[in-house]
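**Q** One file is attached below, data_39.pdb, containing PDB, C-alpha atoms.
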ATOM      1  CA  MET A   1       0.000   0.000   0.000
ATOM      2  CA  SER A   2       1.278   3.456  -0.913
ATOM      3  CA  ILE A   3      -0.675   6.514   0.232
ATOM      4  CA  VAL A   4       0.321   9.846  -1.303
ATOM      5  CA  ILE A   5      -0.550  13.127   0.425
ATOM      6  CA  THR A   6      -0.259  16.157  -1.843
ATOM      7  CA  GLY A   7       0.347  19.560  -0.317
ATOM      8  CA  ALA A   8       1.905  17.848   2.686
ATOM      9  CA  THR A   9       3.934  20.945   3.522
ATOM     10  CA  GLY A  10       0.727  22.806   4.332
ATOM     11  CA  GLN A  11      -1.015  22.721   7.680
ATOM     12  CA  LEU A  12      -3.808  20.338   6.681
ATOM     13  CA  GLY A  13      -1.403  18.016   4.866
ATOM     14  CA  ARG A  14       0.909  17.782   7.855
ATOM     15  CA  HIS A  15      -2.041  16.915  10.081
ATOM     16  CA  VAL A  16      -3.051  14.128   7.668
ATOM     17  CA  VAL A  17       0.425  12.571   7.731
ATOM     18  CA  VAL A  18       0.362  12.649  11.536
ATOM     19  CA  ALA A  19      -3.119  11.115  11.585
ATOM     20  CA  LEU A  20      -2.032   8.262   9.304
ATOM     21  CA  LEU A  21       0.965   7.527  11.521
ATOM     22  CA  GLN A  22      -1.270   7.578  14.596
ATOM     23  CA  ARG A  23      -3.539   5.046  12.876
ATOM     24  CA  GLY A  24      -0.584   2.711  12.576
ATOM     25  CA  VAL A  25       0.067   3.077   8.858
ATOM     26  CA  PRO A  26       3.735   2.124   8.363
ATOM     27  CA  ALA A  27       5.788   5.247   7.691
ATOM     28  CA  ASP A  28       7.298   3.806   4.533
ATOM     29  CA  GLN A  29       3.810   3.416   3.048
ATOM     30  CA  ILE A  30       3.147   7.160   3.364
ATOM     31  CA  VAL A  31       4.421   9.524   0.678
ATOM     32  CA  ALA A  32       4.428  13.194   1.702
ATOM     33  CA  VAL A  33       4.853  15.503  -1.278
ATOM     34  CA  GLY A  34       5.208  19.239  -1.719
ATOM     35  CA  ARG A  35       7.318  21.953  -3.252
ATOM     36  CA  SER A  36       9.540  22.657  -0.230
ATOM     37  CA  THR A  37      10.606  19.210   0.929
ATOM     38  CA  GLU A  38      12.882  20.679   3.587
ATOM     39  CA  LYS A  39       9.663  21.379   5.486
ATOM     40  CA  LEU A  40       9.073  17.614   5.586
ATOM     41  CA  ALA A  41      12.428  16.686   7.118
ATOM     42  CA  ASP A  42      10.824  15.716  10.417
ATOM     43  CA  PHE A  43       8.600  13.193   8.637
ATOM     44  CA  ALA A  44      11.521  11.870   6.592
ATOM     45  CA  SER A  45      13.408  11.225   9.842
ATOM     46  CA  ARG A  46      10.496   9.002  10.917
ATOM     47  CA  GLY A  47      10.680   6.948   7.718
ATOM     48  CA  VAL A  48       7.992   8.705   5.682
ATOM     49  CA  GLN A  49       8.806   8.899   1.977
ATOM     50  CA  VAL A  50       9.268  12.501   0.857
ATOM     51  CA  LYS A  51       9.018  13.663  -2.749
ATOM     52  CA  THR A  52       9.076  17.005  -4.511
ATOM     53  CA  MET A  53       5.903  17.968  -6.355
ATOM     54  CA  ASP A  54       4.738  21.186  -7.976
ATOM     55  CA  TYR A  55       1.134  21.307  -9.175
ATOM     56  CA  ASP A  56       2.338  23.333 -12.187
ATOM     57  CA  ASP A  57       4.981  20.769 -13.211
ATOM     58  CA  ALA A  58       3.391  17.632 -14.681
ATOM     59  CA  ALA A  59       6.660  15.689 -14.568
ATOM     60  CA  THR A  60       7.003  16.151 -10.800
ATOM     61  CA  VAL A  61       3.350  15.234 -10.324
ATOM     62  CA  ALA A  62       3.790  12.007 -12.282
ATOM     63  CA  GLU A  63       6.907  11.139 -10.288
ATOM     64  CA  ALA A  64       5.224  11.896  -6.971
ATOM     65  CA  LEU A  65       2.312   9.579  -7.814
ATOM     66  CA  ALA A  66       4.464   6.754  -9.180
ATOM     67  CA  GLY A  67       3.430   3.534  -7.452
ATOM     68  CA  ALA A  68       0.551   5.192  -5.597
ATOM     69  CA  ASP A  69      -2.445   3.116  -4.542
ATOM     70  CA  ARG A  70      -4.372   5.907  -2.833
ATOM     71  CA  VAL A  71      -3.981   9.650  -3.157
ATOM     72  CA  LEU A  72      -5.245  12.595  -1.146
ATOM     73  CA  LEU A  73      -5.504  15.632  -3.409
ATOM     74  CA  ILE A  74      -5.484  18.612  -1.086
ATOM     75  CA  SER A  75      -6.865  21.515  -3.052
ATOM     76  CA  SER A  76      -4.331  24.076  -4.203
ATOM     77  CA  SER A  77      -4.296  27.487  -2.538
ATOM     78  CA  ALA A  78      -3.749  29.249  -5.872
ATOM     79  CA  VAL A  79      -7.235  30.669  -6.394
ATOM     80  CA  GLY A  80      -7.864  31.095 -10.115
ATOM     81  CA  GLN A  81      -5.355  28.412 -11.110
ATOM     82  CA  ARG A  82      -6.657  25.453  -9.176
ATOM     83  CA  VAL A  83      -8.677  23.682 -11.847
ATOM     84  CA  ALA A  84      -5.680  23.331 -14.180
ATOM     85  CA  GLN A  85      -3.454  22.253 -11.301
ATOM     86  CA  HIS A  86      -5.947  19.685 -10.076
ATOM     87  CA  ARG A  87      -6.399  18.350 -13.624
ATOM     88  CA  THR A  88      -2.676  17.573 -13.729
ATOM     89  CA  VAL A  89      -2.951  15.472 -10.566
ATOM     90  CA  ILE A  90      -6.107  13.706 -11.756
ATOM     91  CA  GLU A  91      -4.506  12.815 -15.087
ATOM     92  CA  ALA A  92      -1.418  11.460 -13.322
ATOM     93  CA  ALA A  93      -3.612   9.425 -10.976
ATOM     94  CA  LYS A  94      -5.484   7.971 -13.950
ATOM     95  CA  ALA A  95      -2.245   7.083 -15.727
ATOM     96  CA  GLU A  96      -0.992   5.392 -12.569
ATOM     97  CA  GLY A  97      -4.224   3.444 -12.100
ATOM     98  CA  VAL A  98      -4.747   4.508  -8.483
ATOM     99  CA  GLU A  99      -7.533   2.714  -6.639
ATOM    100  CA  LEU A 100      -8.766   5.853  -4.857
ATOM    101  CA  LEU A 101      -8.295   9.598  -5.145
ATOM    102  CA  ALA A 102      -9.818  11.597  -2.288
ATOM    103  CA  TYR A 103     -10.284  15.314  -2.906
ATOM    104  CA  THR A 104     -10.715  18.080  -0.315
ATOM    105  CA  SER A 105     -13.621  20.068  -1.733
ATOM    106  CA  ILE A 106     -15.894  22.577   0.024
ATOM    107  CA  ALA A 107     -19.080  22.020   1.993
ATOM    108  CA  ASN A 108     -22.249  21.846  -0.103
ATOM    109  CA  ALA A 109     -20.201  22.359  -3.266
ATOM    110  CA  ASP A 110     -23.061  21.408  -5.565
ATOM    111  CA  THR A 111     -25.649  23.729  -4.029
ATOM    112  CA  THR A 112     -23.740  26.739  -2.709
ATOM    113  CA  GLY A 113     -23.599  30.002  -4.610
ATOM    114  CA  MET A 114     -20.271  31.008  -3.074
ATOM    115  CA  LYS A 115     -17.659  32.152  -5.585
ATOM    116  CA  LEU A 116     -15.027  30.200  -3.661
ATOM    117  CA  ALA A 117     -16.831  26.963  -4.538
ATOM    118  CA  ALA A 118     -16.617  27.332  -8.319
ATOM    119  CA  GLU A 119     -13.162  25.778  -8.722
ATOM    120  CA  HIS A 120     -14.049  22.988  -6.316
ATOM    121  CA  LEU A 121     -17.171  22.138  -8.262
ATOM    122  CA  ALA A 122     -15.194  22.216 -11.520
ATOM    123  CA  THR A 123     -12.665  19.814  -9.993
ATOM    124  CA  GLU A 124     -15.461  17.497  -8.886
ATOM    125  CA  ALA A 125     -16.686  17.502 -12.488
ATOM    126  CA  LEU A 126     -13.208  16.607 -13.741
ATOM    127  CA  LEU A 127     -13.104  13.695 -11.317
ATOM    128  CA  GLY A 128     -16.494  12.492 -12.495
ATOM    129  CA  GLU A 129     -15.326  12.533 -16.111
ATOM    130  CA  SER A 130     -11.909  10.991 -15.434
ATOM    131  CA  GLY A 131     -12.813   7.401 -14.661
ATOM    132  CA  VAL A 132     -10.599   7.544 -11.559
ATOM    133  CA  PRO A 133     -12.255   6.041  -8.449
ATOM    134  CA  PHE A 134     -12.730   9.000  -6.122
ATOM    135  CA  ALA A 135     -14.203  10.195  -2.852
ATOM    136  CA  LEU A 136     -15.178  13.764  -2.041
ATOM    137  CA  LEU A 137     -14.265  15.288   1.303
ATOM    138  CA  ARG A 138     -16.364  18.432   1.294
ATOM    139  CA  ASN A 139     -14.758  20.309   4.162
ATOM    140  CA  GLY A 140     -16.507  23.133   5.955
ATOM    141  CA  TRP A 141     -14.721  26.141   7.415
ATOM    142  CA  TYR A 142     -11.669  25.705   9.633
ATOM    143  CA  LEU A 143     -12.024  26.994  13.182
ATOM    144  CA  GLU A 144      -8.489  28.288  12.671
ATOM    145  CA  ASN A 145      -9.919  30.806  10.189
ATOM    146  CA  TYR A 146     -11.079  32.603  13.306
ATOM    147  CA  THR A 147      -8.735  31.509  16.102
ATOM    148  CA  ASP A 148      -5.647  32.488  14.083
ATOM    149  CA  GLN A 149      -7.016  36.030  14.002
ATOM    150  CA  LEU A 150      -7.507  36.277  17.764
ATOM    151  CA  PRO A 151      -4.730  38.803  18.489
ATOM    152  CA  GLY A 152      -6.308  41.319  16.116
ATOM    153  CA  THR A 153      -9.831  40.476  17.238
ATOM    154  CA  LEU A 154      -8.955  41.037  20.889
ATOM    155  CA  ALA A 155      -7.058  44.230  20.122
ATOM    156  CA  GLN A 156     -10.076  45.634  18.271
ATOM    157  CA  GLY A 157     -12.653  44.192  20.649
ATOM    158  CA  ALA A 158     -14.742  43.187  17.666
ATOM    159  CA  LEU A 159     -15.303  40.694  14.869
ATOM    160  CA  ALA A 160     -16.496  42.020  11.543
ATOM    161  CA  GLY A 161     -18.214  40.249   8.688
ATOM    162  CA  SER A 162     -21.268  39.975   6.493
ATOM    163  CA  ALA A 163     -22.551  36.627   7.721
ATOM    164  CA  GLY A 164     -25.667  37.855   9.474
ATOM    165  CA  ASP A 165     -27.222  35.133  11.605
ATOM    166  CA  GLY A 166     -25.969  32.351   9.361
ATOM    167  CA  LYS A 167     -24.783  29.158  11.024
ATOM    168  CA  ILE A 168     -21.204  27.945  10.495
ATOM    169  CA  SER A 169     -20.379  24.253  10.957
ATOM    170  CA  ALA A 170     -16.646  24.730  11.488
ATOM    171  CA  ALA A 171     -14.124  22.198  12.793
ATOM    172  CA  THR A 172     -10.399  22.136  13.405
ATOM    173  CA  ARG A 173      -7.885  21.225  10.721
ATOM    174  CA  ALA A 174      -6.907  18.255  12.866
ATOM    175  CA  ASP A 175     -10.504  16.986  12.807
ATOM    176  CA  TYR A 176     -10.712  17.227   9.009
ATOM    177  CA  ALA A 177      -7.288  15.615   8.680
ATOM    178  CA  GLU A 178      -8.235  12.715  10.910
ATOM    179  CA  ALA A 179     -11.347  12.166   8.807
ATOM    180  CA  ALA A 180      -9.272  12.186   5.614
ATOM    181  CA  ALA A 181      -6.944   9.594   7.111
ATOM    182  CA  ALA A 182      -9.942   7.430   8.030
ATOM    183  CA  VAL A 183     -11.163   7.500   4.430
ATOM    184  CA  LEU A 184      -7.714   6.771   3.009
ATOM    185  CA  VAL A 185      -7.256   3.603   5.046
ATOM    186  CA  ALA A 186     -10.826   2.299   4.686
ATOM    187  CA  GLU A 187     -12.157   0.024   1.974
ATOM    188  CA  GLY A 188     -15.080   0.729  -0.329
ATOM    189  CA  GLN A 189     -14.697   4.510  -0.405
ATOM    190  CA  ALA A 190     -15.011   5.075  -4.165
ATOM    191  CA  GLY A 191     -18.116   7.107  -4.925
ATOM    192  CA  ARG A 192     -18.566   8.379  -1.379
ATOM    193  CA  ILE A 193     -19.413  12.037  -0.834
ATOM    194  CA  TYR A 194     -18.821  13.326   2.674
ATOM    195  CA  GLU A 195     -20.303  16.644   3.770
ATOM    196  CA  LEU A 196     -18.000  17.510   6.644
ATOM    197  CA  GLY A 197     -18.558  20.045   9.403
ATOM    198  CA  GLY A 198     -18.534  20.479  13.138
ATOM    199  CA  ASP A 199     -21.315  19.032  15.267
ATOM    200  CA  GLU A 200     -22.159  22.379  16.893
ATOM    201  CA  ALA A 201     -22.895  25.125  14.376
ATOM    202  CA  PHE A 202     -22.570  28.716  15.546
ATOM    203  CA  THR A 203     -23.227  32.243  14.363
ATOM    204  CA  MET A 204     -20.619  34.990  14.273
ATOM    205  CA  ALA A 205     -22.337  36.623  17.237
ATOM    206  CA  GLU A 206     -21.994  33.356  19.173
ATOM    207  CA  LEU A 207     -18.347  33.177  18.161
ATOM    208  CA  ALA A 208     -17.832  36.673  19.577
ATOM    209  CA  GLU A 209     -19.517  35.560  22.809
ATOM    210  CA  GLY A 210     -17.208  32.532  22.976
ATOM    211  CA  ILE A 211     -14.148  34.719  22.548
ATOM    212  CA  SER A 212     -15.416  37.154  25.183
ATOM    213  CA  ALA A 213     -15.898  34.349  27.692
ATOM    214  CA  ALA A 214     -12.501  32.750  27.002
ATOM    215  CA  ALA A 215     -10.550  36.020  27.099
ATOM    216  CA  ASN A 216     -12.667  37.643  29.830
ATOM    217  CA  ARG A 217     -13.010  40.837  27.822
ATOM    218  CA  PRO A 218     -15.808  42.219  25.660
ATOM    219  CA  VAL A 219     -15.827  41.263  21.981
ATOM    220  CA  SER A 220     -18.768  42.110  19.737
ATOM    221  CA  TYR A 221     -19.787  41.109  16.236
ATOM    222  CA  GLN A 222     -20.271  43.887  13.694
ATOM    223  CA  ASP A 223     -22.322  42.844  10.683
ATOM    224  CA  LEU A 224     -21.478  44.946   7.639
ATOM    225  CA  PRO A 225     -22.696  45.210   4.052
ATOM    226  CA  ALA A 226     -20.522  42.966   1.881
ATOM    227  CA  ALA A 227     -18.970  45.856  -0.063
ATOM    228  CA  GLU A 228     -18.034  47.619   3.172
ATOM    229  CA  TYR A 229     -16.560  44.430   4.634
ATOM    230  CA  ALA A 230     -14.515  43.809   1.480
ATOM    231  CA  ALA A 231     -13.231  47.380   1.579
ATOM    232  CA  MET A 232     -12.243  46.941   5.226
ATOM    233  CA  LEU A 233     -10.311  43.750   4.418
ATOM    234  CA  ALA A 234      -8.562  45.479   1.517
ATOM    235  CA  GLY A 235      -7.630  48.267   3.907
ATOM    236  CA  PHE A 236      -5.915  45.668   6.091
ATOM    237  CA  GLY A 237      -3.819  44.572   3.121
ATOM    238  CA  VAL A 238      -5.911  41.718   1.730
ATOM    239  CA  PRO A 239      -5.739  41.771  -2.109
ATOM    240  CA  GLN A 240      -8.980  43.235  -3.424
ATOM    241  CA  ASP A 241      -9.971  40.156  -5.456
ATOM    242  CA  PHE A 242      -9.566  37.904  -2.428
ATOM    243  CA  ALA A 243     -11.286  40.417  -0.152
ATOM    244  CA  ASP A 244     -14.280  40.265  -2.491
ATOM    245  CA  ILE A 245     -14.259  36.448  -2.326
ATOM    246  CA  LEU A 246     -14.153  36.494   1.476
ATOM    247  CA  ALA A 247     -17.044  38.934   1.657
ATOM    248  CA  ASP A 248     -18.978  36.791  -0.812
ATOM    249  CA  SER A 249     -18.269  33.756   1.371
ATOM    250  CA  ASP A 250     -19.814  35.559   4.325
ATOM    251  CA  LEU A 251     -22.935  36.157   2.251
ATOM    252  CA  GLY A 252     -22.915  32.400   1.639
ATOM    253  CA  ILE A 253     -22.781  31.829   5.392
ATOM    254  CA  ALA A 254     -25.787  34.128   5.785
ATOM    255  CA  ARG A 255     -27.676  31.918   3.296
ATOM    256  CA  GLY A 256     -26.715  28.768   5.195
ATOM    257  CA  ASP A 257     -24.166  27.523   2.649
ATOM    258  CA  LEU A 258     -21.674  26.447   5.339
ATOM    259  CA  HIS A 259     -24.195  24.802   7.632
ATOM    260  CA  VAL A 260     -23.616  21.025   7.636
ATOM    261  CA  ALA A 261     -25.889  18.725   9.623
ATOM    262  CA  THR A 262     -24.942  15.313   8.228
ATOM    263  CA  GLY A 263     -22.851  14.045  11.144
ATOM    264  CA  HIS A 264     -20.367  12.671   8.586
ATOM    265  CA  LEU A 265     -17.337  14.225  10.272
ATOM    266  CA  SER A 266     -17.986  12.890  13.758
ATOM    267  CA  GLY A 267     -18.941   9.573  12.170
ATOM    268  CA  LEU A 268     -15.541   9.266  10.512
ATOM    269  CA  LEU A 269     -13.800  10.403  13.682
ATOM    270  CA  GLY A 270     -15.718   8.044  15.933
ATOM    271  CA  ARG A 271     -16.078  10.897  18.426
ATOM    272  CA  PRO A 272     -17.628  14.368  18.637
ATOM    273  CA  THR A 273     -15.910  17.131  16.701
ATOM    274  CA  THR A 274     -13.937  19.798  18.555
ATOM    275  CA  PRO A 275     -16.392  22.448  19.799
ATOM    276  CA  MET A 276     -15.853  26.076  18.849
ATOM    277  CA  THR A 277     -15.666  27.046  22.515
ATOM    278  CA  ALA A 278     -12.902  24.518  23.208
ATOM    279  CA  ALA A 279     -10.870  25.672  20.200
ATOM    280  CA  VAL A 280     -11.247  29.299  21.235
ATOM    281  CA  ARG A 281     -10.223  28.589  24.836
ATOM    282  CA  ALA A 282      -7.123  26.707  23.657
ATOM    283  CA  ALA A 283      -6.175  29.513  21.271
ATOM    284  CA  VAL A 284      -6.626  32.193  23.929
ATOM    285  CA  SER A 285      -4.531  30.168  26.381
ATOM    286  CA  ALA A 286      -1.763  29.935  23.784
ATOM    287  CA  LEU A 287      -1.521  33.713  23.348
TER     288      LEU A 287
END
What is this file in structure tokens?
**A**
Amino acid sequence: MSIVITGATGQLGRHVVVALLQRGVPADQIVAVGRSTEKLADFASRGVQVKTMDYDDAATVAEALAGADRVLLISSSAVGQRVAQHRTVIEAAKAEGVELLAYTSIANADTTGMKLAAEHLATEALLGESGVPFALLRNGWYLENYTDQLPGTLAQGALAGSAGDGKISAATRADYAEAAAAVLVAEGQAGRIYELGGDEAFTMAELAEGISAAANRPVSYQDLPAAEYAAMLAGFGVPQDFADILADSDLGIARGDLHVATGHLSGLLGRPTTPMTAAVRAAVSAL
């Protein structure tokens, strides 16, 4: 068995490699690939195979997938270029005859109107046309999207967004990674579609309350028109195109696009997902 993890130098990819090792997968059956392999030296020292792979270089993709039985395609972070990059991996997987390719898509990819989902849905279509056996891991939001911003949030005493009262079924990267590892080692996963999200959905106002309680200081949620929120993000240095996508994603939250009530994530984990309040308390304690 050879399990290839693309994007293993990223935070989610690293968590997946750890989760596979914790499940008892022999290190030499795990192939961690990425552009900066020096970031994988700690895994290499534990016996994990490490290979260089660049989504934009088909030769490195083919080499990284050589001998692969199962592949986790972690979606590229290059918004606007992802479909072409993912196609390269899918074509290499088909040429190699892999038995399963699992792809990290986005929650409710086939029904959401969020701009961020377009490339994910296009990738899902490529998989459907490819003939490669695949599983879809439609991940919801990461709790880290919010906890990583805690220093600024606490300094300002406020969260801003355009999500209204929309519910967010977020979970930690480690939870999503553990679920991915569960799928990669299980049998009969081809054709499965997992809608993944935290057990306890919350609104942005409830997130602000959770931060207030953990930090013992007032934090409020300020709901803004999407254009105003995008302008605020751009003012903080976020590129305008991406600021617009983030504001659009908040409008998706307001519509319920990131609310997941399937229980698929906790089912794969065999335990409840990490609650928002617990993640916030841990992040505040780490400051």
**Q** Need the shell around Phe242 in chain A: protein/DNA/RNA residues with any atom at most 9 Å away, counting only C-alpha atoms. Skip same-chain ones fewer than 6 positions apart. Format as a short mmCIF file (atom, residue, chain, number, x, y, z; two decimals) with C-alpha atoms, keeping the file's coordinate frame?
**A**
data_model
loop_
_atom_site.label_atom_id
_atom_site.label_comp_id
_atom_site.auth_asym_id
_atom_site.auth_seq_id
_atom_site.Cartn_x
_atom_site.Cartn_y
_atom_site.Cartn_z
CA VAL A 79 -7.24 30.67 -6.39
CA ALA A 230 -14.52 43.81 1.48
CA ALA A 234 -8.56 45.48 1.52
#
**Q** Starting from the PyMOL selection byres ((chain A and resi 132) around 10), expand the selection into actual residues of this file and give them as a VMD selection string.
**A** chain A and resid 90 to 91 93 to 101 126 to 131 133 to 135 190
**Q** Evaluate the PyMOL selection byres ((chain A and resi 212-215) around 10) and record the selected residues as a ChimeraX atom specification, following the chain and residue labels used in the document.
**A** /A:150,154,157-158,206-211,216-220,277-285
**Q** Check which residues satisfy the PyMOL selection byres ((chain A and resi 85) around 9) in the file shown, then give them as a list in words.
**A**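 Checking the PyMOL selection byres ((chain A and resi 85) around 9) against this file, the residues are Asp54, Tyr55, Asp56, Asp57, Ala58, Ser75, Ser76, Ala78, Gln81, Arg82, Val83, Ala84, His86, Arg87, Thr88, Val89 and Ile90 of chain A.
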**Q** Would you kindly return, as a PDB file with C-alpha atoms, in the frame of the given file, each protein, DNA or RNA residue with an atom no farther than 10 Å from any atom of Ser105 in chain A, considering only C-alpha atoms and excluding same-chain residues fewer than 3 positions away?
**A**
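Done, and the output landed in part-v4.pdb:
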ATOM      1  CA  LEU A  73      -5.504  15.632  -3.409  1.00  0.00           C
ATOM      2  CA  ILE A  74      -5.484  18.612  -1.086  1.00  0.00           C
ATOM      3  CA  SER A  75      -6.865  21.515  -3.052  1.00  0.00           C
ATOM      4  CA  ALA A 102      -9.818  11.597  -2.288  1.00  0.00           C
ATOM      5  CA  ASN A 108     -22.249  21.846  -0.103  1.00  0.00           C
ATOM      6  CA  ALA A 109     -20.201  22.359  -3.266  1.00  0.00           C
ATOM      7  CA  ALA A 117     -16.831  26.963  -4.538  1.00  0.00           C
ATOM      8  CA  GLU A 119     -13.162  25.778  -8.722  1.00  0.00           C
ATOM      9  CA  HIS A 120     -14.049  22.988  -6.316  1.00  0.00           C
ATOM     10  CA  LEU A 121     -17.171  22.138  -8.262  1.00  0.00           C
ATOM     11  CA  THR A 123     -12.665  19.814  -9.993  1.00  0.00           C
ATOM     12  CA  GLU A 124     -15.461  17.497  -8.886  1.00  0.00           C
ATOM     13  CA  ALA A 135     -14.203  10.195  -2.852  1.00  0.00           C
ATOM     14  CA  LEU A 136     -15.178  13.764  -2.041  1.00  0.00           C
ATOM     15  CA  LEU A 137     -14.265  15.288   1.303  1.00  0.00           C
ATOM     16  CA  ARG A 138     -16.364  18.432   1.294  1.00  0.00           C
ATOM     17  CA  ASN A 139     -14.758  20.309   4.162  1.00  0.00           C
ATOM     18  CA  GLY A 140     -16.507  23.133   5.955  1.00  0.00           C
ATOM     19  CA  ILE A 193     -19.413  12.037  -0.834  1.00  0.00           C
ATOM     20  CA  TYR A 194     -18.821  13.326   2.674  1.00  0.00           C
ATOM     21  CA  GLU A 195     -20.303  16.644   3.770  1.00  0.00           C
ATOM     22  CA  LEU A 196     -18.000  17.510   6.644  1.00  0.00           C
TER      23      LEU A 196
END
**Q** Closest to Leu287 in chain A among A:Asp250, A:Asp148, A:Asp69, A:Asp42, using all atoms listed in the file?
**A**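 Smallest separation from Leu287 in chain A among the options: A:Asp148.
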**Q** What is the CA of Asp28 in chain A to CA of Ala182 in chain A distance in Å?
**A**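 Calculated distance between CA of Asp28 in chain A and CA of Ala182 in chain A is 18.0 Å.
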**Q** What is the distance between CA of Gln222 in chain A and CA of Gly161 in chain A, in Å to one decimal?
**A**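 CA of Gln222 in chain A sits 6.5 Å away from CA of Gly161 in chain A.
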**Q** Measuring between all atoms listed in the file, which one of A:Lys39, A:Lys51, A:Lys115, A:His259 shows the shortest distance to Gly80 in chain A?
**A**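 Using all atoms listed in the file, Gly80 in chain A sits closest to A:Lys115.
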**Q** Rounded to one decimal, what separation in Å do you get between CA of Gly191 in chain A and CA of Gly67 in chain A?
**A**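 Separating CA of Gly191 in chain A from CA of Gly67 in chain A is a distance of 22.0 Å.
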